[in-house]
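Coordinates as given in query-v2.tsv (TSV, C-alpha atoms):
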chain	number	residue	atom	x	y	z
A	22	MET	CA	0.00	0.00	0.00
A	23	GLY	CA	1.28	3.47	-0.86
A	24	LYS	CA	2.72	5.59	1.93
A	25	VAL	CA	1.81	9.00	0.51
A	26	TYR	CA	-1.37	10.65	1.81
A	27	SER	CA	-3.12	13.64	0.29
A	28	ASP	CA	-3.62	15.59	3.52
A	29	ALA	CA	-2.79	15.52	7.22
A	30	THR	CA	-6.25	14.42	8.32
A	31	SER	CA	-6.17	11.29	6.18
A	32	ALA	CA	-2.55	10.61	7.19
A	33	LEU	CA	-3.64	10.50	10.84
A	34	ALA	CA	-6.85	8.56	10.20
A	35	GLY	CA	-7.01	5.24	12.02
A	36	VAL	CA	-3.86	6.05	13.99
A	37	LEU	CA	-4.66	9.04	16.20
A	38	LYS	CA	-6.55	8.23	19.41
A	39	ASP	CA	-7.29	9.78	22.77
A	40	GLY	CA	-4.69	9.10	25.45
A	41	MET	CA	-1.80	8.44	23.05
A	42	LEU	CA	1.88	9.09	23.71
A	43	ILE	CA	3.06	11.22	20.79
A	44	MET	CA	6.59	12.31	19.90
A	45	ALA	CA	6.77	15.60	18.02
A	46	GLY	CA	10.01	16.60	16.31
A	47	GLY	CA	11.54	20.03	16.34
A	48	PHE	CA	13.63	22.36	18.47
A	49	GLY	CA	11.89	25.57	19.35
A	50	LEU	CA	9.93	26.20	16.15
A	51	CYS	CA	12.66	24.79	13.91
A	52	GLY	CA	11.74	21.58	12.12
A	53	ILE	CA	8.33	21.17	13.76
A	54	PRO	CA	5.66	19.05	12.00
A	55	GLU	CA	3.23	21.96	12.03
A	56	THR	CA	0.75	20.63	9.49
A	57	LEU	CA	0.30	17.42	11.47
A	58	ILE	CA	0.00	19.37	14.74
A	59	LEU	CA	-2.78	21.46	13.19
A	60	ALA	CA	-4.58	18.28	12.10
A	61	ILE	CA	-4.31	16.85	15.62
A	62	ARG	CA	-5.88	20.03	16.96
A	63	GLU	CA	-8.73	19.77	14.45
A	64	SER	CA	-9.27	16.09	15.36
A	65	GLY	CA	-10.10	16.93	18.96
A	66	ALA	CA	-8.00	14.04	20.28
A	67	LYS	CA	-7.50	14.58	24.01
A	68	ASP	CA	-5.58	13.38	27.08
A	69	LEU	CA	-2.38	13.28	25.03
A	70	THR	CA	1.11	12.80	26.44
A	71	VAL	CA	3.58	14.61	24.20
A	72	VAL	CA	7.33	14.07	24.07
A	73	SER	CA	9.07	17.11	22.63
A	74	ASN	CA	12.11	19.17	23.50
A	75	ASN	CA	9.80	22.09	24.21
A	76	ALA	CA	6.16	23.08	23.85
A	77	GLY	CA	6.31	25.64	21.06
A	78	ILE	CA	5.13	29.17	21.80
A	79	ASP	CA	1.72	30.68	22.39
A	80	GLY	CA	-0.35	30.18	19.24
A	81	VAL	CA	2.27	28.22	17.28
A	82	GLY	CA	3.31	24.57	17.20
A	83	LEU	CA	2.42	22.52	20.26
A	84	GLY	CA	1.23	25.74	21.86
A	85	LEU	CA	-1.95	25.22	19.83
A	86	LEU	CA	-2.63	21.89	21.51
A	87	LEU	CA	-2.06	23.45	24.91
A	88	GLU	CA	-4.54	26.20	24.12
A	89	SER	CA	-7.15	23.60	23.14
A	90	ARG	CA	-6.28	21.61	26.30
A	91	GLN	CA	-5.64	18.42	24.36
A	92	ILE	CA	-2.32	17.75	26.13
A	93	LYS	CA	-2.44	16.35	29.66
A	94	LYS	CA	1.31	15.74	30.07
A	95	MET	CA	4.54	17.01	28.52
A	96	ILE	CA	7.86	15.15	28.61
A	97	SER	CA	10.36	17.88	27.77
A	98	SER	CA	13.69	19.49	28.54
A	99	TYR	CA	12.69	23.15	28.10
A	100	VAL	CA	9.32	24.83	28.53
A	101	GLY	CA	10.10	28.55	28.32
A	102	GLU	CA	8.61	30.89	25.73
A	103	ASN	CA	5.06	29.64	26.43
A	104	LYS	CA	2.80	31.51	28.85
A	105	THR	CA	-0.06	29.06	28.32
A	106	PHE	CA	2.18	26.21	29.43
A	107	ALA	CA	3.20	28.09	32.57
A	108	GLN	CA	-0.38	28.99	33.45
A	109	GLN	CA	-1.68	25.43	33.05
A	110	TYR	CA	1.25	23.89	34.93
A	111	LEU	CA	1.05	26.30	37.86
A	112	ALA	CA	-2.72	25.74	38.04
A	113	GLY	CA	-2.18	21.97	38.26
A	114	GLU	CA	-3.88	21.40	34.93
A	115	LEU	CA	-0.83	20.05	33.10
A	116	GLU	CA	1.64	17.35	34.11
A	117	LEU	CA	5.33	17.86	33.38
A	118	GLU	CA	8.19	15.37	33.32
A	119	PHE	CA	11.43	17.33	33.07
A	120	ASN	CA	14.51	15.76	31.49
A	121	PRO	CA	18.02	17.08	30.94
A	122	GLN	CA	18.22	17.64	27.19
A	123	GLY	CA	20.88	15.00	26.54
A	124	THR	CA	18.99	12.50	28.68
A	125	LEU	CA	15.79	13.16	26.75
A	126	ALA	CA	17.60	12.65	23.44
A	127	GLU	CA	19.13	9.40	24.67
A	128	ARG	CA	15.81	8.13	26.04
A	129	ILE	CA	14.32	8.62	22.59
A	130	ARG	CA	17.30	7.09	20.80
A	131	ALA	CA	17.25	4.13	23.18
A	132	GLY	CA	13.56	3.56	22.53
A	133	GLY	CA	14.19	3.47	18.79
A	134	ALA	CA	17.12	1.08	19.25
A	135	GLY	CA	15.18	-1.37	21.40
A	136	ILE	CA	17.11	-0.48	24.56
A	137	PRO	CA	14.70	-0.46	27.54
A	138	ALA	CA	16.98	1.47	29.92
A	139	PHE	CA	20.46	2.94	30.34
A	140	PHE	CA	22.62	4.55	33.03
A	141	THR	CA	23.87	8.14	33.04
A	142	LYS	CA	25.70	10.42	35.47
A	143	THR	CA	23.47	13.34	34.53
A	144	GLY	CA	21.09	14.15	37.35
A	145	VAL	CA	22.73	12.08	40.09
A	146	GLY	CA	22.24	13.79	43.43
A	147	THR	CA	19.44	16.03	42.15
A	148	LEU	CA	15.63	15.90	41.95
A	149	ILE	CA	16.03	14.20	38.57
A	150	ALA	CA	17.28	11.02	40.29
A	151	GLU	CA	14.58	10.79	42.96
A	152	GLY	CA	12.78	7.45	42.87
A	153	LYS	CA	15.11	6.03	40.21
A	154	GLU	CA	17.57	3.17	40.49
A	155	LEU	CA	21.21	4.08	41.14
A	156	ARG	CA	24.21	1.89	40.34
A	157	HIS	CA	27.93	2.30	40.73
A	158	PHE	CA	30.40	1.74	37.90
A	159	ASP	CA	34.14	2.30	38.29
A	160	GLY	CA	33.60	4.20	41.50
A	161	GLU	CA	31.00	6.59	40.07
A	162	SER	CA	27.24	6.77	40.63
A	163	TYR	CA	24.82	6.55	37.72
A	164	VAL	CA	21.05	6.89	37.52
A	165	MET	CA	18.90	4.59	35.41
A	166	GLU	CA	16.71	6.20	32.77
A	167	ARG	CA	14.07	4.41	30.69
A	168	GLY	CA	13.92	4.45	26.91
A	169	ILE	CA	10.76	5.92	25.37
A	170	VAL	CA	8.66	4.34	22.63
A	171	ALA	CA	5.79	6.43	21.29
A	172	ASP	CA	2.44	5.27	19.98
A	173	LEU	CA	2.90	7.86	17.25
A	174	SER	CA	5.85	9.95	16.07
A	175	ILE	CA	5.26	13.00	13.89
A	176	VAL	CA	8.33	14.48	12.19
A	177	HIS	CA	9.28	17.09	9.61
A	178	ALA	CA	11.87	16.53	6.87
A	179	TRP	CA	13.25	18.68	4.09
A	180	LYS	CA	13.02	15.94	1.46
A	181	GLY	CA	11.47	12.50	1.28
A	182	ASP	CA	10.70	9.93	-1.34
A	183	THR	CA	7.59	7.82	-1.85
A	184	GLU	CA	9.17	4.95	0.11
A	185	GLY	CA	9.65	7.14	3.19
A	186	ASN	CA	13.39	7.75	3.01
A	187	LEU	CA	14.04	11.13	4.63
A	188	VAL	CA	16.64	13.89	4.42
A	189	TYR	CA	16.74	16.79	6.89
A	190	ARG	CA	18.15	20.28	6.36
A	191	LYS	CA	20.66	21.82	8.76
A	192	THR	CA	19.35	22.62	12.26
A	193	ALA	CA	15.84	21.45	11.33
A	194	ARG	CA	17.27	17.95	11.68
A	195	ASN	CA	17.40	18.21	15.53
A	196	PHE	CA	15.16	15.61	17.27
A	197	ASN	CA	13.41	14.43	14.10
A	198	PRO	CA	15.66	11.48	13.11
A	199	ILE	CA	15.66	9.79	16.52
A	200	MET	CA	11.94	10.31	16.97
A	201	ALA	CA	11.31	8.76	13.57
A	202	THR	CA	12.85	5.52	14.84
A	203	ALA	CA	11.08	5.53	18.21
A	204	GLY	CA	7.43	5.52	17.14
A	205	LYS	CA	5.28	2.44	16.67
A	206	VAL	CA	3.86	4.48	13.80
A	207	THR	CA	5.83	7.36	12.26
A	208	ILE	CA	4.23	9.95	10.00
A	209	ALA	CA	6.52	12.39	8.19
A	210	GLU	CA	5.65	15.66	6.54
A	211	VAL	CA	8.15	16.59	3.84
A	212	GLU	CA	8.77	19.84	1.97
A	213	HIS	CA	10.03	18.14	-1.20
A	214	LEU	CA	8.54	14.81	-2.27
A	215	VAL	CA	10.37	12.81	-4.96
A	216	ASP	CA	10.03	9.37	-6.49
A	217	ALA	CA	11.78	6.39	-4.99
A	218	GLY	CA	15.39	6.20	-6.15
A	219	GLN	CA	15.84	9.96	-6.59
A	220	ILE	CA	17.62	10.43	-3.25
A	221	ASP	CA	21.27	9.39	-3.14
A	222	PRO	CA	21.41	6.48	-0.65
A	223	ASP	CA	24.41	8.13	1.02
A	224	HIS	CA	22.22	11.16	1.79
A	225	VAL	CA	19.38	9.27	3.48
A	226	VAL	CA	19.21	10.00	7.21
A	227	THR	CA	16.03	8.10	8.10
A	228	PRO	CA	15.49	4.88	6.11
A	229	GLY	CA	11.98	4.40	4.82
A	230	ILE	CA	11.45	1.25	6.87
A	231	PHE	CA	10.81	3.51	9.87
A	232	VAL	CA	8.18	5.67	8.13
A	233	LYS	CA	4.63	4.40	7.65
A	234	ARG	CA	2.96	7.46	6.15
A	235	ILE	CA	4.10	10.58	4.28
A	236	LEU	CA	2.51	13.97	3.72
A	237	HIS	CA	3.72	16.52	1.16
A	238	VAL	CA	3.83	20.09	2.54
A	239	PRO	CA	5.47	22.12	-0.25
A	240	ASN	CA	4.85	25.54	1.32
A	241	ALA	CA	5.79	24.89	4.93
A	242	LYS	CA	5.87	28.09	6.95
A	243	LYS	CA	9.12	28.83	8.80
A	244	HIS	CA	8.54	30.59	12.10
A	245	ILE	CA	11.10	32.53	14.12
A	246	GLU	CA	10.70	32.52	17.91
A	247	GLN	CA	12.71	35.61	18.67
A	248	ARG	CA	13.83	37.80	15.79
A	249	THR	CA	17.14	39.44	16.58
A	250	THR	CA	18.53	42.13	14.30
A	251	ARG	CA	21.31	44.66	14.33
A	252	ARG	CA	21.54	48.06	12.77
A	253	ARG	CA	22.90	48.12	9.25
A	254	ALA	CA	26.40	49.58	9.15
A	255	ASP	CA	26.63	53.02	7.62
A	256	THR	CA	28.02	52.94	4.10
So that I can check it, write out the structure of this file as structure tokens.
Amino acid sequence: MGKVYSDATSALAGVLKDGMLIMAGGFGLCGIPETLILAIRESGAKDLTVVSNNAGIDGVGLGLLLESRQIKKMISSYVGENKTFAQQYLAGELELEFNPQGTLAERIRAGGAGIPAFFTKTGVGTLIAEGKELRHFDGESYVMERGIVADLSIVHAWKGDTEGNLVYRKTARNFNPIMATAGKVTIAEVEHLVDAGQIDPDHVVTPGIFVKRILHVPNAKKHIEQRTTRRRADT
């Protein structure tokens, strides 16, 4: 059966359900699967647990799902830039599982590699380690962290072919490749869709075997969280 779907709603059909654990690629607003996020908002799916480095900003990205109160828990490493997140968390309306950024990345990578748990020094002796198993290796203490496997991973790629092979562009690569491997079902939105065989195998980052469904988004909007400029030098 073909992997390419005509729109985000049909790409999510039969997969998206209430109470799912969803991984959403991106870092800030860079490389986020915005079209799929919008379709999740329109679906009304609720009680979602979302794994993402951050929660977007107010009105953009995952911030939209917070505004519609479809997310009950975030597993993240950074939650700044979003007033809605702060308000819901402080009011006890949103659960939060904080992770050091490297630990979060490794939890996702481990899930995709079939590794149920691993040990790291990061977080030992802090709140991060409370309630978790500690072990000693070579005279040092390490805390055990669990790998994460998502019910659904949604990712954004610069280019993809009809077999699901993906290529990412520069910093928009971020969490997308590891999340693509860690979902029971992975749906990718791609800016440039080409026929199978048109991507040099040496350029493929995510092999198509990991991707179940593909959505072509040729005019993806690129948001900037904080625009920083400097005065033009006098000529």
- Task: For Ser31 of chain A, work out the shell of residues within 12 Å, counting all atoms listed in the file and skipping chain neighbours fewer than 2 positions away, then give it as a VMD selection string.
- Result: chain A and resid 24 to 29 33 to 37 57 60 to 61 64 208 234 to 236
Determine, using all atoms listed in the file, which residues of segment 50-122 of chain A have any atom at most 9 Å from an atom of segment 139-152 of chain A, and tabulate each with its shortest atom pair and distance in Å to one decimal place, rows ordered by chain and then rising number, as a Markdown table.
| residue | atom | partner | partner_atom | distance |
| --- | --- | --- | --- | --- |
| A:Phe119 | CA | A:Ile149 | CA | 7.8 |
| A:Asn120 | CA | A:Ile149 | CA | 7.4 |
| A:Pro121 | CA | A:Thr143 | CA | 7.5 |
- Residue among A:Ile175, A:Ala66, A:Val225, A:Ile220 lying closest to Phe196 of chain A, counting only C-alpha atoms: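 Of the candidates, the smallest distance to Phe196 of chain A is held by A:Ile175.
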- Take atom CA of Pro54 of chain A and atom CA of Gly168 of chain A and report the distance between them in Å, one decimal.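 Between these atoms lies a distance of 22.4 Å.
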- Message: Report as a PyMOL selection string all protein, DNA and RNA residues lying within 10 Å of segment 213-215 of chain A, evaluated on only C-alpha atoms, omitting residues in the same chain fewer than 6 positions from it.
- Response: chain A and resi 25+178-188+235-240
- Please provide the set of residues having any atom within 12 Å of Ile199 of chain A, restricted to all atoms listed in the file, with same-chain residues fewer than 3 positions apart removed, written as a PyMOL selection string. chain A and resi 44-47+73+125-134+168-171+174-177+189+194-196+202-204+207+226-228+231-232
- Spatial neighbours of Leu115 of chain A, 7 Å, only C-alpha atoms, chain gap at least 5 places, as a list of chain:residue names: A:Lys93, A:Lys94, A:Gln109, A:Tyr110
- Local residues around (-3.2, 20.4, 30.5), at most 10 Å away, using only C-alpha atoms, as a list of chain:residue names: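 Within 10 Å of (-3.2, 20.4, 30.5), the protein and nucleic acid residues are A:Lys67, A:Asp68, A:Leu69, A:Thr70, A:Leu86, A:Leu87, A:Glu88, A:Ser89, A:Arg90, A:Gln91, A:Ile92, A:Lys93, A:Lys94, A:Met95, A:Thr105, A:Phe106, A:Gln108, A:Gln109, A:Tyr110, A:Ala112, A:Gly113, A:Glu114, A:Leu115, A:Glu116, A:Leu117.
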- Item | atom CA of Ala32 of chain A to atom CA of Leu173 of chain A, distance in Å rounded to a single decimal |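 Atom-to-atom, atom CA of Ala32 of chain A and atom CA of Leu173 of chain A are spaced 11.8 Å apart.
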- Item | Shortest interatomic distance to Lys243 of chain A - which of A:Glu166, A:Asp221, A:Asp255, A:Glu212, counting all atoms listed in the file |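 Selected residue with least distance to Lys243 of chain A: A:Glu212.
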- To one decimal in Å, tell me the separation between atom CA of Ala201 of chain A and atom CA of Gly218 of chain A.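 One can read the atom CA of Ala201 of chain A to atom CA of Gly218 of chain A distance as 20.3 Å.
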Box time for segment 142-153 of chain A: axis-aligned, enclosing all its listed atoms, 8 Å extra on each side; report centre and edge lengths in Å to one decimal, as JSON.
{"center_x": 19.2, "center_y": 11.0, "center_z": 39.0, "size_x": 28.9, "size_y": 26.0, "size_z": 24.9}
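Minimum atom-to-atom distances from A:Asp172, A:Ala217, A:Ile78, A:Lys233 to Lys104 of chain A were compared using only C-alpha atoms, and the lowest value belongs to A:Ile78.
Every protein or nucleic acid residue with an atom no more than 7 Å from Ala76 of chain A, counting all atoms listed in the file and leaving out same-chain residues fewer than 6 positions away, appears here: A:Leu83, A:Gly84, A:Val100.
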Starting from the sparse input, extend segment 185-218 of chain A to N, CA and C atoms and give the output as a PDB file, in the frame of the given file.
ATOM      1  N   GLY A 185       9.473   6.673   1.817  1.00  0.00           N
ATOM      2  CA  GLY A 185       9.650   7.140   3.190  1.00  0.00           C
ATOM      3  C   GLY A 185      11.067   7.449   3.599  1.00  0.00           C
ATOM      4  N   ASN A 186      12.019   7.350   2.684  1.00  0.00           N
ATOM      5  CA  ASN A 186      13.390   7.750   3.010  1.00  0.00           C
ATOM      6  C   ASN A 186      13.439   9.263   3.192  1.00  0.00           C
ATOM      7  N   LEU A 187      14.090   9.712   4.270  1.00  0.00           N
ATOM      8  CA  LEU A 187      14.040  11.130   4.630  1.00  0.00           C
ATOM      9  C   LEU A 187      15.423  11.775   4.687  1.00  0.00           C
ATOM     10  N   VAL A 188      15.449  13.055   4.303  1.00  0.00           N
ATOM     11  CA  VAL A 188      16.640  13.890   4.420  1.00  0.00           C
ATOM     12  C   VAL A 188      16.231  15.166   5.144  1.00  0.00           C
ATOM     13  N   TYR A 189      17.040  15.577   6.107  1.00  0.00           N
ATOM     14  CA  TYR A 189      16.740  16.790   6.890  1.00  0.00           C
ATOM     15  C   TYR A 189      17.709  17.895   6.484  1.00  0.00           C
ATOM     16  N   ARG A 190      17.321  19.137   6.769  1.00  0.00           N
ATOM     17  CA  ARG A 190      18.150  20.280   6.360  1.00  0.00           C
ATOM     18  C   ARG A 190      18.653  21.039   7.577  1.00  0.00           C
ATOM     19  N   LYS A 191      19.974  21.010   7.755  1.00  0.00           N
ATOM     20  CA  LYS A 191      20.660  21.820   8.760  1.00  0.00           C
ATOM     21  C   LYS A 191      20.036  21.638  10.139  1.00  0.00           C
ATOM     22  N   THR A 192      19.798  22.754  10.875  1.00  0.00           N
ATOM     23  CA  THR A 192      19.350  22.620  12.260  1.00  0.00           C
ATOM     24  C   THR A 192      17.932  22.084  12.386  1.00  0.00           C
ATOM     25  N   ALA A 193      17.179  22.033  11.294  1.00  0.00           N
ATOM     26  CA  ALA A 193      15.840  21.450  11.330  1.00  0.00           C
ATOM     27  C   ALA A 193      15.898  19.933  11.488  1.00  0.00           C
ATOM     28  N   ARG A 194      17.097  19.390  11.447  1.00  0.00           N
ATOM     29  CA  ARG A 194      17.270  17.950  11.680  1.00  0.00           C
ATOM     30  C   ARG A 194      16.963  17.628  13.145  1.00  0.00           C
ATOM     31  N   ASN A 195      17.557  18.326  14.082  1.00  0.00           N
ATOM     32  CA  ASN A 195      17.400  18.210  15.530  1.00  0.00           C
ATOM     33  C   ASN A 195      16.854  16.859  16.026  1.00  0.00           C
ATOM     34  N   PHE A 196      15.689  16.843  16.669  1.00  0.00           N
ATOM     35  CA  PHE A 196      15.160  15.610  17.270  1.00  0.00           C
ATOM     36  C   PHE A 196      14.442  14.708  16.259  1.00  0.00           C
ATOM     37  N   ASN A 197      14.237  15.183  15.049  1.00  0.00           N
ATOM     38  CA  ASN A 197      13.410  14.430  14.100  1.00  0.00           C
ATOM     39  C   ASN A 197      13.924  13.021  13.783  1.00  0.00           C
ATOM     40  N   PRO A 198      15.215  12.828  13.478  1.00  0.00           N
ATOM     41  CA  PRO A 198      15.660  11.480  13.110  1.00  0.00           C
ATOM     42  C   PRO A 198      15.478  10.432  14.205  1.00  0.00           C
ATOM     43  N   ILE A 199      15.797  10.800  15.465  1.00  0.00           N
ATOM     44  CA  ILE A 199      15.660   9.790  16.520  1.00  0.00           C
ATOM     45  C   ILE A 199      14.197   9.523  16.835  1.00  0.00           C
ATOM     46  N   MET A 200      13.371  10.537  16.738  1.00  0.00           N
ATOM     47  CA  MET A 200      11.940  10.310  16.970  1.00  0.00           C
ATOM     48  C   MET A 200      11.324   9.451  15.887  1.00  0.00           C
ATOM     49  N   ALA A 201      11.828   9.574  14.671  1.00  0.00           N
ATOM     50  CA  ALA A 201      11.310   8.760  13.570  1.00  0.00           C
ATOM     51  C   ALA A 201      11.515   7.266  13.833  1.00  0.00           C
ATOM     52  N   THR A 202      12.575   6.930  14.568  1.00  0.00           N
ATOM     53  CA  THR A 202      12.850   5.520  14.840  1.00  0.00           C
ATOM     54  C   THR A 202      12.106   5.005  16.065  1.00  0.00           C
ATOM     55  N   ALA A 203      11.609   5.922  16.909  1.00  0.00           N
ATOM     56  CA  ALA A 203      11.080   5.530  18.210  1.00  0.00           C
ATOM     57  C   ALA A 203       9.559   5.497  18.277  1.00  0.00           C
ATOM     58  N   GLY A 204       8.885   5.587  17.151  1.00  0.00           N
ATOM     59  CA  GLY A 204       7.430   5.520  17.140  1.00  0.00           C
ATOM     60  C   GLY A 204       6.943   4.184  16.603  1.00  0.00           C
ATOM     61  N   LYS A 205       5.903   3.649  17.222  1.00  0.00           N
ATOM     62  CA  LYS A 205       5.280   2.440  16.670  1.00  0.00           C
ATOM     63  C   LYS A 205       4.733   2.737  15.278  1.00  0.00           C
ATOM     64  N   VAL A 206       4.250   3.965  15.114  1.00  0.00           N
ATOM     65  CA  VAL A 206       3.860   4.480  13.800  1.00  0.00           C
ATOM     66  C   VAL A 206       4.518   5.846  13.643  1.00  0.00           C
ATOM     67  N   THR A 207       5.211   6.068  12.533  1.00  0.00           N
ATOM     68  CA  THR A 207       5.830   7.360  12.260  1.00  0.00           C
ATOM     69  C   THR A 207       5.228   7.965  11.005  1.00  0.00           C
ATOM     70  N   ILE A 208       4.776   9.210  11.136  1.00  0.00           N
ATOM     71  CA  ILE A 208       4.230   9.950  10.000  1.00  0.00           C
ATOM     72  C   ILE A 208       5.140  11.150   9.762  1.00  0.00           C
ATOM     73  N   ALA A 209       5.587  11.306   8.533  1.00  0.00           N
ATOM     74  CA  ALA A 209       6.520  12.390   8.190  1.00  0.00           C
ATOM     75  C   ALA A 209       5.862  13.363   7.232  1.00  0.00           C
ATOM     76  N   GLU A 210       6.010  14.649   7.520  1.00  0.00           N
ATOM     77  CA  GLU A 210       5.650  15.660   6.540  1.00  0.00           C
ATOM     78  C   GLU A 210       6.940  16.141   5.891  1.00  0.00           C
ATOM     79  N   VAL A 211       6.938  16.255   4.562  1.00  0.00           N
ATOM     80  CA  VAL A 211       8.150  16.590   3.840  1.00  0.00           C
ATOM     81  C   VAL A 211       7.904  17.780   2.917  1.00  0.00           C
ATOM     82  N   GLU A 212       8.903  18.651   2.826  1.00  0.00           N
ATOM     83  CA  GLU A 212       8.770  19.840   1.970  1.00  0.00           C
ATOM     84  C   GLU A 212       8.921  19.498   0.498  1.00  0.00           C
ATOM     85  N   HIS A 213       9.792  18.549   0.184  1.00  0.00           N
ATOM     86  CA  HIS A 213      10.030  18.140  -1.200  1.00  0.00           C
ATOM     87  C   HIS A 213       9.824  16.641  -1.305  1.00  0.00           C
ATOM     88  N   LEU A 214       8.843  16.225  -2.094  1.00  0.00           N
ATOM     89  CA  LEU A 214       8.540  14.810  -2.270  1.00  0.00           C
ATOM     90  C   LEU A 214       9.015  14.367  -3.655  1.00  0.00           C
ATOM     91  N   VAL A 215       9.838  13.315  -3.698  1.00  0.00           N
ATOM     92  CA  VAL A 215      10.370  12.810  -4.960  1.00  0.00           C
ATOM     93  C   VAL A 215      10.068  11.320  -5.083  1.00  0.00           C
ATOM     94  N   ASP A 216      10.249  10.794  -6.273  1.00  0.00           N
ATOM     95  CA  ASP A 216      10.030   9.370  -6.490  1.00  0.00           C
ATOM     96  C   ASP A 216      11.132   8.527  -5.852  1.00  0.00           C
ATOM     97  N   ALA A 217      10.794   7.299  -5.558  1.00  0.00           N
ATOM     98  CA  ALA A 217      11.780   6.390  -4.990  1.00  0.00           C
ATOM     99  C   ALA A 217      12.977   6.276  -5.927  1.00  0.00           C
ATOM    100  N   GLY A 218      14.182   6.308  -5.363  1.00  0.00           N
ATOM    101  CA  GLY A 218      15.390   6.200  -6.150  1.00  0.00           C
ATOM    102  C   GLY A 218      16.012   7.535  -6.498  1.00  0.00           C
TER     103      GLY A 218
END
